[in-house]
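Undergrad: Contents are PDB, C-alpha atoms, pLDDT in the B column; file name upload_37.pdb:
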ATOM      1  CA  MET A   1      92.870  48.269  69.125  1.00 56.00           C
ATOM      2  CA  SER A   2      95.452  49.151  71.696  1.00 73.00           C
ATOM      3  CA  THR A   3      95.708  45.933  73.701  1.00 84.00           C
ATOM      4  CA  LEU A   4      96.733  42.394  72.878  1.00 85.00           C
ATOM      5  CA  ALA A   5      93.452  41.102  74.341  1.00 85.00           C
ATOM      6  CA  GLU A   6      91.417  43.289  71.979  1.00 87.00           C
ATOM      7  CA  ARG A   7      93.385  42.173  68.923  1.00 87.00           C
ATOM      8  CA  LEU A   8      93.111  38.523  69.912  1.00 88.00           C
ATOM      9  CA  THR A   9      89.361  38.827  70.468  1.00 88.00           C
ATOM     10  CA  VAL A  10      88.862  40.207  66.969  1.00 88.00           C
ATOM     11  CA  ALA A  11      91.267  37.732  65.358  1.00 88.00           C
ATOM     12  CA  ILE A  12      89.792  34.619  66.964  1.00 89.00           C
ATOM     13  CA  ALA A  13      86.259  35.701  66.025  1.00 86.00           C
ATOM     14  CA  ASN A  14      87.333  36.185  62.409  1.00 86.00           C
ATOM     15  CA  ALA A  15      89.180  32.859  62.412  1.00 85.00           C
ATOM     16  CA  GLY A  16      86.114  31.036  63.737  1.00 85.00           C
ATOM     17  CA  ILE A  17      88.018  28.885  66.242  1.00 88.00           C
ATOM     18  CA  THR A  18      87.792  28.416  70.005  1.00 87.00           C
ATOM     19  CA  LYS A  19      90.360  29.344  72.640  1.00 86.00           C
ATOM     20  CA  ALA A  20      90.919  25.638  73.246  1.00 85.00           C
ATOM     21  CA  GLU A  21      91.677  25.133  69.554  1.00 86.00           C
ATOM     22  CA  LEU A  22      94.056  28.110  69.588  1.00 88.00           C
ATOM     23  CA  ALA A  23      95.863  26.606  72.574  1.00 84.00           C
ATOM     24  CA  ARG A  24      96.168  23.274  70.759  1.00 85.00           C
ATOM     25  CA  ARG A  25      97.616  24.902  67.654  1.00 87.00           C
ATOM     26  CA  VAL A  26     100.100  27.019  69.600  1.00 86.00           C
ATOM     27  CA  GLY A  27     101.069  24.050  71.765  1.00 83.00           C
ATOM     28  CA  ILE A  28     100.416  25.554  75.201  1.00 84.00           C
ATOM     29  CA  SER A  29      97.783  25.098  77.904  1.00 81.00           C
ATOM     30  CA  ALA A  30      94.291  26.558  77.730  1.00 80.00           C
ATOM     31  CA  PRO A  31      94.828  28.635  80.922  1.00 80.00           C
ATOM     32  CA  SER A  32      97.822  30.315  79.286  1.00 81.00           C
ATOM     33  CA  VAL A  33      95.755  31.300  76.247  1.00 84.00           C
ATOM     34  CA  ASN A  34      92.950  32.497  78.484  1.00 82.00           C
ATOM     35  CA  GLY A  35      95.484  34.800  80.159  1.00 81.00           C
ATOM     36  CA  TRP A  36      96.082  36.477  76.812  1.00 85.00           C
ATOM     37  CA  PHE A  37      92.387  37.346  76.536  1.00 84.00           C
ATOM     38  CA  THR A  38      91.945  38.519  80.137  1.00 81.00           C
ATOM     39  CA  GLY A  39      94.882  40.901  79.976  1.00 75.00           C
ATOM     40  CA  LYS A  40      97.173  38.945  82.306  1.00 73.00           C
ATOM     41  CA  ALA A  41      99.614  38.662  79.406  1.00 71.00           C
ATOM     42  CA  LYS A  42     100.421  42.060  77.878  1.00 67.00           C
ATOM     43  CA  PHE A  43     102.754  40.878  75.109  1.00 71.00           C
ATOM     44  CA  LEU A  44     103.383  37.923  72.810  1.00 74.00           C
ATOM     45  CA  ARG A  45     106.889  37.076  71.679  1.00 76.00           C
ATOM     46  CA  GLY A  46     108.948  34.402  69.993  1.00 79.00           C
ATOM     47  CA  GLU A  47     107.486  31.062  68.996  1.00 80.00           C
ATOM     48  CA  ASN A  48     104.153  31.685  70.726  1.00 83.00           C
ATOM     49  CA  LEU A  49     103.683  34.878  68.712  1.00 85.00           C
ATOM     50  CA  LEU A  50     104.463  33.161  65.418  1.00 85.00           C
ATOM     51  CA  ALA A  51     102.294  30.138  66.182  1.00 86.00           C
ATOM     52  CA  ALA A  52      99.343  32.282  67.325  1.00 88.00           C
ATOM     53  CA  ALA A  53      99.581  34.519  64.248  1.00 88.00           C
ATOM     54  CA  ARG A  54      99.582  31.514  61.932  1.00 88.00           C
ATOM     55  CA  ALA A  55      96.692  29.863  63.768  1.00 88.00           C
ATOM     56  CA  LEU A  56      94.642  33.063  63.465  1.00 89.00           C
ATOM     57  CA  SER A  57      95.843  33.922  59.927  1.00 88.00           C
ATOM     58  CA  VAL A  58      96.974  37.400  60.958  1.00 88.00           C
ATOM     59  CA  ASP A  59     100.217  39.336  60.616  1.00 87.00           C
ATOM     60  CA  GLU A  60     102.500  38.749  63.598  1.00 85.00           C
ATOM     61  CA  ASP A  61     103.626  42.386  63.801  1.00 85.00           C
ATOM     62  CA  TRP A  62     100.014  43.516  63.975  1.00 87.00           C
ATOM     63  CA  LEU A  63      99.228  40.899  66.621  1.00 86.00           C
ATOM     64  CA  ALA A  64     102.242  41.910  68.714  1.00 83.00           C
ATOM     65  CA  THR A  65     101.993  45.700  68.424  1.00 85.00           C
ATOM     66  CA  GLY A  66      98.738  46.661  66.692  1.00 82.00           C
ATOM     67  CA  LYS A  67     100.690  48.438  63.965  1.00 80.00           C
ATOM     68  CA  GLY A  68     100.127  47.853  60.267  1.00 71.00           C
ATOM     69  CA  SER A  69      97.528  45.618  58.675  1.00 66.00           C
ATOM     70  CA  SER A  70      96.027  42.566  60.347  1.00 63.00           C
ATOM     71  CA  VAL A  71      96.285  40.678  57.057  1.00 60.00           C
ATOM     72  CA  ARG A  72      99.003  38.054  57.225  1.00 54.00           C
ATOM     73  CA  GLY A  73     102.011  38.915  55.115  1.00 50.00           C
ATOM     74  CA  PHE A  74     105.558  37.788  54.623  1.00 39.00           C
ATOM     75  CA  HIS A  75     108.483  39.751  56.028  1.00 42.00           C
ATOM     76  CA  GLY A  76     111.357  38.759  53.827  1.00 35.00           C
ATOM     77  CA  ALA A  77     112.046  35.923  51.451  1.00 33.00           C
ATOM     78  CA  GLU A  78     113.530  33.721  54.154  1.00 33.00           C
ATOM     79  CA  GLN A  79     110.236  33.518  56.004  1.00 36.00           C
ATOM     80  CA  ALA A  80     108.004  32.763  53.044  1.00 33.00           C
ATOM     81  CA  PRO A  81     108.854  29.059  52.712  1.00 32.00           C
ATOM     82  CA  GLU A  82     108.189  28.583  56.425  1.00 34.00           C
ATOM     83  CA  TYR A  83     104.616  29.800  55.984  1.00 31.00           C
ATOM     84  CA  GLN A  84     104.132  27.794  52.820  1.00 34.00           C
ATOM     85  CA  VAL A  85     105.070  24.475  54.364  1.00 33.00           C
ATOM     86  CA  SER A  86     103.264  24.987  57.688  1.00 35.00           C
ATOM     87  CA  PRO A  87     100.472  22.442  58.054  1.00 37.00           C
ATOM     88  CA  ILE A  88      96.928  23.774  58.245  1.00 33.00           C
ATOM     89  CA  LEU A  89      94.992  21.877  60.899  1.00 41.00           C
ATOM     90  CA  GLU A  90      91.369  20.961  60.260  1.00 45.00           C
ATOM     91  CA  THR A  91      88.958  22.804  62.583  1.00 49.00           C
ATOM     92  CA  GLU A  92      85.650  21.511  61.259  1.00 56.00           C
ATOM     93  CA  THR A  93      84.118  18.487  62.908  1.00 60.00           C
ATOM     94  CA  ARG A  94      83.616  15.564  60.560  1.00 63.00           C
ATOM     95  CA  PRO A  95      80.006  14.669  59.707  1.00 72.00           C
ATOM     96  CA  GLY A  96      78.603  12.146  62.144  1.00 80.00           C
ATOM     97  CA  TYR A  97      80.897  13.206  65.002  1.00 81.00           C
ATOM     98  CA  VAL A  98      80.652  15.537  68.002  1.00 81.00           C
ATOM     99  CA  ARG A  99      83.665  17.607  69.003  1.00 80.00           C
ATOM    100  CA  PHE A 100      84.611  18.093  72.649  1.00 78.00           C
ATOM    101  CA  ASP A 101      87.221  20.678  73.658  1.00 76.00           C
ATOM    102  CA  VAL A 102      89.169  20.857  76.890  1.00 68.00           C
ATOM    103  CA  PHE A 103      87.915  22.769  79.920  1.00 71.00           C
ATOM    104  CA  GLU A 104      90.521  25.221  81.228  1.00 59.00           C
ATOM    105  CA  GLY A 105      92.912  22.993  83.122  1.00 52.00           C
ATOM    106  CA  GLY A 106      92.706  19.862  85.246  1.00 53.00           C
ATOM    107  CA  ALA A 107      90.472  19.004  88.170  1.00 57.00           C
ATOM    108  CA  GLY A 108      91.803  17.755  91.470  1.00 55.00           C
ATOM    109  CA  MET A 109      90.339  14.622  92.984  1.00 56.00           C
ATOM    110  CA  GLY A 110      92.122  15.157  96.248  1.00 57.00           C
ATOM    111  CA  ALA A 111      93.055  18.474  97.796  1.00 51.00           C
ATOM    112  CA  GLY A 112      92.264  20.284  94.537  1.00 49.00           C
ATOM    113  CA  LEU A 113      94.291  21.975  91.828  1.00 47.00           C
ATOM    114  CA  VAL A 114      95.005  25.579  91.049  1.00 40.00           C
ATOM    115  CA  ASN A 115      94.731  25.711  87.265  1.00 44.00           C
ATOM    116  CA  GLN A 116      98.060  27.036  86.044  1.00 43.00           C
ATOM    117  CA  ASP A 117     100.496  26.168  83.252  1.00 39.00           C
ATOM    118  CA  TYR A 118     100.827  22.424  82.789  1.00 43.00           C
ATOM    119  CA  PRO A 119     100.204  20.286  79.715  1.00 47.00           C
ATOM    120  CA  GLU A 120      96.832  18.663  79.142  1.00 53.00           C
ATOM    121  CA  VAL A 121      96.985  15.091  77.874  1.00 54.00           C
ATOM    122  CA  VAL A 122      93.836  15.521  75.789  1.00 58.00           C
ATOM    123  CA  GLN A 123      92.903  18.843  74.187  1.00 64.00           C
ATOM    124  CA  THR A 124      90.161  17.829  71.773  1.00 74.00           C
ATOM    125  CA  ILE A 125      88.372  14.614  70.851  1.00 77.00           C
ATOM    126  CA  GLU A 126      85.712  13.754  68.304  1.00 81.00           C
ATOM    127  CA  VAL A 127      83.176  11.116  69.314  1.00 81.00           C
ATOM    128  CA  ALA A 128      80.707   9.406  66.998  1.00 85.00           C
ATOM    129  CA  GLU A 129      77.183  10.759  67.336  1.00 87.00           C
ATOM    130  CA  TRP A 130      75.772   7.297  68.047  1.00 86.00           C
ATOM    131  CA  GLU A 131      78.186   6.880  70.962  1.00 84.00           C
ATOM    132  CA  VAL A 132      77.305  10.321  72.348  1.00 85.00           C
ATOM    133  CA  ARG A 133      73.615   9.444  72.151  1.00 87.00           C
ATOM    134  CA  ARG A 134      74.300   6.133  73.866  1.00 86.00           C
ATOM    135  CA  LYS A 135      76.156   7.805  76.738  1.00 83.00           C
ATOM    136  CA  LEU A 136      74.094  10.982  77.136  1.00 85.00           C
ATOM    137  CA  GLY A 137      70.773  10.247  75.478  1.00 86.00           C
ATOM    138  CA  TYR A 138      71.005  13.410  73.368  1.00 86.00           C
ATOM    139  CA  LEU A 139      73.331  15.389  71.114  1.00 87.00           C
ATOM    140  CA  PRO A 140      74.623  18.475  72.972  1.00 88.00           C
ATOM    141  CA  LYS A 141      74.986  21.887  71.397  1.00 86.00           C
ATOM    142  CA  PRO A 142      78.581  22.802  70.403  1.00 82.00           C
ATOM    143  CA  GLY A 143      80.625  23.856  73.427  1.00 83.00           C
ATOM    144  CA  ARG A 144      78.189  22.563  76.026  1.00 88.00           C
ATOM    145  CA  ILE A 145      80.169  19.438  76.928  1.00 88.00           C
ATOM    146  CA  GLN A 146      83.872  19.946  77.633  1.00 86.00           C
ATOM    147  CA  LEU A 147      86.696  17.688  78.770  1.00 82.00           C
ATOM    148  CA  ILE A 148      88.767  17.779  81.919  1.00 84.00           C
ATOM    149  CA  THR A 149      91.448  15.487  83.328  1.00 81.00           C
ATOM    150  CA  GLY A 150      90.896  14.291  86.885  1.00 81.00           C
ATOM    151  CA  ARG A 151      93.986  14.229  89.085  1.00 80.00           C
ATOM    152  CA  GLY A 152      94.198  12.563  92.483  1.00 85.00           C
ATOM    153  CA  PRO A 153      92.805   9.606  94.469  1.00 86.00           C
ATOM    154  CA  SER A 154      89.831  11.044  96.379  1.00 86.00           C
ATOM    155  CA  MET A 155      87.158   9.741  93.990  1.00 87.00           C
ATOM    156  CA  LYS A 156      88.498   6.181  93.685  1.00 86.00           C
ATOM    157  CA  PRO A 157      87.201   3.733  92.643  1.00 85.00           C
ATOM    158  CA  LYS A 158      84.499   5.728  90.850  1.00 85.00           C
ATOM    159  CA  LEU A 159      87.163   7.878  89.135  1.00 84.00           C
ATOM    160  CA  GLU A 160      90.844   7.072  88.746  1.00 82.00           C
ATOM    161  CA  ASP A 161      93.769   9.480  88.513  1.00 81.00           C
ATOM    162  CA  GLY A 162      94.073  10.478  84.847  1.00 80.00           C
ATOM    163  CA  ASP A 163      90.483   9.770  83.816  1.00 82.00           C
ATOM    164  CA  ILE A 164      89.031  12.116  81.212  1.00 83.00           C
ATOM    165  CA  ILE A 165      85.678  13.411  82.459  1.00 86.00           C
ATOM    166  CA  TRP A 166      82.924  15.058  80.417  1.00 87.00           C
ATOM    167  CA  ILE A 167      81.637  18.267  82.009  1.00 89.00           C
ATOM    168  CA  ASP A 168      78.182  19.668  81.230  1.00 91.00           C
ATOM    169  CA  THR A 169      78.951  23.386  81.456  1.00 90.00           C
ATOM    170  CA  SER A 170      75.279  24.340  81.048  1.00 91.00           C
ATOM    171  CA  CYS A 171      74.697  23.275  84.657  1.00 91.00           C
ATOM    172  CA  ASN A 172      76.468  25.942  86.741  1.00 90.00           C
ATOM    173  CA  TYR A 173      74.229  25.507  89.778  1.00 92.00           C
ATOM    174  CA  PHE A 174      73.379  22.818  92.336  1.00 94.00           C
ATOM    175  CA  ASP A 175      70.897  20.485  90.643  1.00 93.00           C
ATOM    176  CA  GLY A 176      70.398  17.897  93.345  1.00 93.00           C
ATOM    177  CA  ASP A 177      72.853  15.445  94.875  1.00 95.00           C
ATOM    178  CA  ASP A 178      75.298  14.565  92.112  1.00 94.00           C
ATOM    179  CA  TYR A 179      78.887  14.841  90.891  1.00 93.00           C
ATOM    180  CA  TYR A 180      80.095  18.326  89.962  1.00 94.00           C
ATOM    181  CA  LEU A 181      83.124  20.256  88.832  1.00 91.00           C
ATOM    182  CA  ILE A 182      83.458  22.893  91.538  1.00 90.00           C
ATOM    183  CA  ASN A 183      85.719  25.717  92.583  1.00 88.00           C
ATOM    184  CA  ILE A 184      86.326  26.036  96.293  1.00 85.00           C
ATOM    185  CA  GLY A 185      88.956  28.306  97.797  1.00 79.00           C
ATOM    186  CA  GLY A 186      90.392  28.989  94.343  1.00 79.00           C
ATOM    187  CA  GLU A 187      90.902  25.279  93.660  1.00 83.00           C
ATOM    188  CA  THR A 188      89.132  23.207  91.008  1.00 85.00           C
ATOM    189  CA  GLN A 189      87.853  19.822  92.135  1.00 88.00           C
ATOM    190  CA  ILE A 190      85.511  17.044  91.119  1.00 90.00           C
ATOM    191  CA  LYS A 191      83.356  16.041  94.070  1.00 92.00           C
ATOM    192  CA  MET A 192      79.889  14.916  94.968  1.00 93.00           C
ATOM    193  CA  LEU A 193      77.677  17.632  96.445  1.00 95.00           C
ATOM    194  CA  GLN A 194      74.982  16.637  98.910  1.00 94.00           C
ATOM    195  CA  LYS A 195      72.337  18.901 100.382  1.00 94.00           C
ATOM    196  CA  ARG A 196      71.662  18.002 103.999  1.00 94.00           C
ATOM    197  CA  GLY A 197      69.552  19.576 106.705  1.00 92.00           C
ATOM    198  CA  ASP A 198      72.379  21.713 108.041  1.00 92.00           C
ATOM    199  CA  GLY A 199      73.947  22.767 104.718  1.00 93.00           C
ATOM    200  CA  MET A 200      75.886  21.700 101.650  1.00 94.00           C
ATOM    201  CA  TYR A 201      78.413  18.881 102.002  1.00 95.00           C
ATOM    202  CA  VAL A 202      81.415  18.122  99.790  1.00 94.00           C
ATOM    203  CA  VAL A 203      81.782  14.357  99.526  1.00 93.00           C
ATOM    204  CA  SER A 204      84.640  12.139  98.306  1.00 91.00           C
ATOM    205  CA  ILE A 205      84.192   8.490  97.361  1.00 89.00           C
ATOM    206  CA  ASN A 206      87.497   7.434  98.904  1.00 90.00           C
ATOM    207  CA  PRO A 207      86.946   7.122 102.689  1.00 90.00           C
ATOM    208  CA  ASP A 208      90.468   8.424 103.302  1.00 91.00           C
ATOM    209  CA  PHE A 209      89.132  11.869 102.359  1.00 91.00           C
ATOM    210  CA  PRO A 210      86.568  13.040 104.925  1.00 92.00           C
ATOM    211  CA  THR A 211      83.260  14.633 103.993  1.00 93.00           C
ATOM    212  CA  TYR A 212      82.909  18.250 105.113  1.00 92.00           C
ATOM    213  CA  ARG A 213      80.270  20.955 105.208  1.00 93.00           C
ATOM    214  CA  SER A 214      81.015  24.017 103.121  1.00 92.00           C
ATOM    215  CA  ASP A 215      80.280  27.548 104.213  1.00 90.00           C
ATOM    216  CA  GLU A 216      77.499  29.384 102.413  1.00 84.00           C
ATOM    217  CA  GLY A 217      78.744  30.772  99.102  1.00 84.00           C
ATOM    218  CA  GLU A 218      82.083  28.932  99.378  1.00 90.00           C
ATOM    219  CA  VAL A 219      81.406  26.470  96.549  1.00 92.00           C
ATOM    220  CA  SER A 220      81.000  27.615  92.946  1.00 91.00           C
ATOM    221  CA  VAL A 221      79.576  25.052  90.524  1.00 93.00           C
ATOM    222  CA  LEU A 222      81.409  25.083  87.168  1.00 90.00           C
ATOM    223  CA  GLY A 223      79.514  22.189  85.621  1.00 92.00           C
ATOM    224  CA  LYS A 224      78.057  18.761  86.212  1.00 93.00           C
ATOM    225  CA  ALA A 225      80.581  15.905  86.013  1.00 91.00           C
ATOM    226  CA  LEU A 226      79.159  13.212  83.736  1.00 90.00           C
ATOM    227  CA  ILE A 227      81.304  10.491  85.203  1.00 82.00           C
ATOM    228  CA  HIS A 228      79.328   7.719  83.476  1.00 77.00           C
ATOM    229  CA  ALA A 229      80.446   9.094  80.094  1.00 73.00           C
ATOM    230  CA  GLY A 230      84.166   9.604  80.664  1.00 63.00           C
ATOM    231  CA  LEU A 231      87.252   7.979  79.227  1.00 62.00           C
ATOM    232  CA  ARG A 232      89.796   5.916  81.130  1.00 56.00           C
ATOM    233  CA  ARG A 233      92.750   6.521  81.509  1.00 48.00           C
ATOM    234  CA  PHE A 234      95.479   9.001  80.420  1.00 41.00           C
TER     235      PHE A 234
END
In structure tokens, how does this file's structure come out?
TA:
Amino acid sequence: MSTLAERLTVAIANAGITKAELARRVGISAPSVNGWFTGKAKFLRGENLLAAARALSVDEDWLATGKGSSVRGFHGAEQAPEYQVSPILETETRPGYVRFDVFEGGAGMGAGLVNQDYPEVVQTIEVAEWEVRRKLGYLPKPGRIQLITGRGPSMKPKLEDGDIIWIDTSCNYFDGDDYYLINIGGETQIKMLQKRGDGMYVVSINPDFPTYRSDEGEVSVLGKALIHAGLRRF
């Protein structure tokens, strides 16, 4: 395996964790970790390398260069205690709870956001099954519902800046007039989409942000925003 992305793909599959969980363990944003897997990042160094290797239970030299064995080992007596005292974080969801991981980055509720490196307030939450059923009416399959932080004033008072919104990622198409997580012009936003006689309209709740008609193919639906099920406010 000649590339970092290939080694990470194998290691994360063997570790049985998600990219969002890897980001949480390393202490960086989900978009940064995603860059490792897409090839945008060619190398891992320093603290990120050590943290990623520990999270994936692989040897850091192998992860960095592809040389040697992927099995985690110690490289000198001085490093051994550091591995021994490192906390192992629980990845399994407790019985009776549903785990929700973060979507890749925040969503603008204004002019939009380009998802880059900035810290997410919430990376993962576990919600009691009875509460999930109360909010959604069903228990979703793992990974279907993800979290995103809304940023901006355009959806006030329906959504406030800093609200945590649940996104149904199984709905990546227009499914009638509703609230959606969309990408438009490279920016991620939460807006209402309305189908009118002359096209698709992008609608804000706040009247200070005018409604506008999008060009055909301009809007990509990333998921349905379940604003009735979100958390306020972070």
Undergrad: Could you check how far CA of Leu63 in chain A sits from CA of Ala11 in chain A, in Å to one decimal?
TA: 8.7 Å
Undergrad: Starting from the displayed file, determine the output of the PyMOL selection byres ((chain A and resi 175-185) around 8) and express the residue list as an MDAnalysis selection string.
TA: chainID A and resid 107 167 171 173:174 186:195 218:227
Undergrad: Output the residue selection produced by the PyMOL selection byres ((chain A and resi 209) around 10) on the file above, formatted as a PyMOL selection string.
TA: chain A and resi 109-111+153-155+203-208+210-212
Undergrad: Which residues, named as in the file, does the PyMOL selection byres ((chain A and resi 166) around 10) pick out? Answer as a list in words.
TA: Phe100, Asp101, Val102, Phe103, Arg144, Ile145, Gln146, Leu147, Ile148, Thr149, Asp163, Ile164, Ile165, Ile167, Asp168, Thr169, Leu181, Gly223, Lys224, Ala225, Leu226, Ile227, His228, Ala229, Gly230 and Leu231 of chain A
Undergrad: Determine, counting all atoms listed in the file, every residue of protein, DNA or RNA that lies within 10 Å of (98.9, 43.0, 65.5) in the file coordinates, then give the result as a ChimeraX atom specification.
TA: /A:1-4,6-8,11,44,49,53,58-72
Undergrad: Filtering to C-alpha atoms, could you give me those residues as a PDB file, keeping the file's coordinate frame?
TA:
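Saved as again15.pdb:
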ATOM      1  CA  MET A   1      92.870  48.269  69.125  1.00 56.00           C
ATOM      2  CA  SER A   2      95.452  49.151  71.696  1.00 73.00           C
ATOM      3  CA  THR A   3      95.708  45.933  73.701  1.00 84.00           C
ATOM      4  CA  LEU A   4      96.733  42.394  72.878  1.00 85.00           C
ATOM      5  CA  GLU A   6      91.417  43.289  71.979  1.00 87.00           C
ATOM      6  CA  ARG A   7      93.385  42.173  68.923  1.00 87.00           C
ATOM      7  CA  LEU A   8      93.111  38.523  69.912  1.00 88.00           C
ATOM      8  CA  ALA A  11      91.267  37.732  65.358  1.00 88.00           C
ATOM      9  CA  LEU A  44     103.383  37.923  72.810  1.00 74.00           C
ATOM     10  CA  LEU A  49     103.683  34.878  68.712  1.00 85.00           C
ATOM     11  CA  ALA A  53      99.581  34.519  64.248  1.00 88.00           C
ATOM     12  CA  VAL A  58      96.974  37.400  60.958  1.00 88.00           C
ATOM     13  CA  ASP A  59     100.217  39.336  60.616  1.00 87.00           C
ATOM     14  CA  GLU A  60     102.500  38.749  63.598  1.00 85.00           C
ATOM     15  CA  ASP A  61     103.626  42.386  63.801  1.00 85.00           C
ATOM     16  CA  TRP A  62     100.014  43.516  63.975  1.00 87.00           C
ATOM     17  CA  LEU A  63      99.228  40.899  66.621  1.00 86.00           C
ATOM     18  CA  ALA A  64     102.242  41.910  68.714  1.00 83.00           C
ATOM     19  CA  THR A  65     101.993  45.700  68.424  1.00 85.00           C
ATOM     20  CA  GLY A  66      98.738  46.661  66.692  1.00 82.00           C
ATOM     21  CA  LYS A  67     100.690  48.438  63.965  1.00 80.00           C
ATOM     22  CA  GLY A  68     100.127  47.853  60.267  1.00 71.00           C
ATOM     23  CA  SER A  69      97.528  45.618  58.675  1.00 66.00           C
ATOM     24  CA  SER A  70      96.027  42.566  60.347  1.00 63.00           C
ATOM     25  CA  VAL A  71      96.285  40.678  57.057  1.00 60.00           C
ATOM     26  CA  ARG A  72      99.003  38.054  57.225  1.00 54.00           C
TER      27      ARG A  72
END
Undergrad: Skip range 129-135 of chain A itself and residues of its chain fewer than 4 positions away, then list as number ranges by chain all residues within 6 Å of it, counting only C-alpha atoms.
TA: A: 96-98, 229
Undergrad: For CA of Gly137 in chain A and CA of Ile125 in chain A, determine how far apart the two atoms are, in Å to one decimal place.
TA: 18.7 Å
Undergrad: Might I get the box with edges along x, y and z of the file that holds all atoms of range 130-147 of chain A listed there, padded by 6 Å on every side, given as centre and edge lengths in Å to one decimal, as JSON?
TA:
{"center_x": 78.7, "center_y": 15.0, "center_z": 73.4, "size_x": 27.9, "size_y": 29.7, "size_z": 22.7}
Undergrad: Mind pulling up the distance from CA of Thr38 in chain A to CA of Asn14 in chain A?
TA: 18.5 Å
Undergrad: Nearest residue to Ala51 in chain A out of A:Ala30, A:Gly39, A:Ala23, A:Val10, using only C-alpha atoms?
TA: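 The closest residue to Ala51 in chain A is A:Ala23.
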Undergrad: Taking only C-alpha atoms into account, name the residue in A:Ala41, A:Leu50, A:Leu56, A:Met200 that is nearest to Thr18 in chain A.
TA: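 Of A:Ala41, A:Leu50, A:Leu56, A:Met200, the one nearest Thr18 in chain A is A:Leu56, counting only C-alpha atoms.
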Undergrad: Which is closest to Arg54 in chain A among A:Lys40, A:Ile12, A:Glu126, A:Ile28, if we use only C-alpha atoms?
TA: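 Under the stated criterion, the closest residue is A:Ile12.
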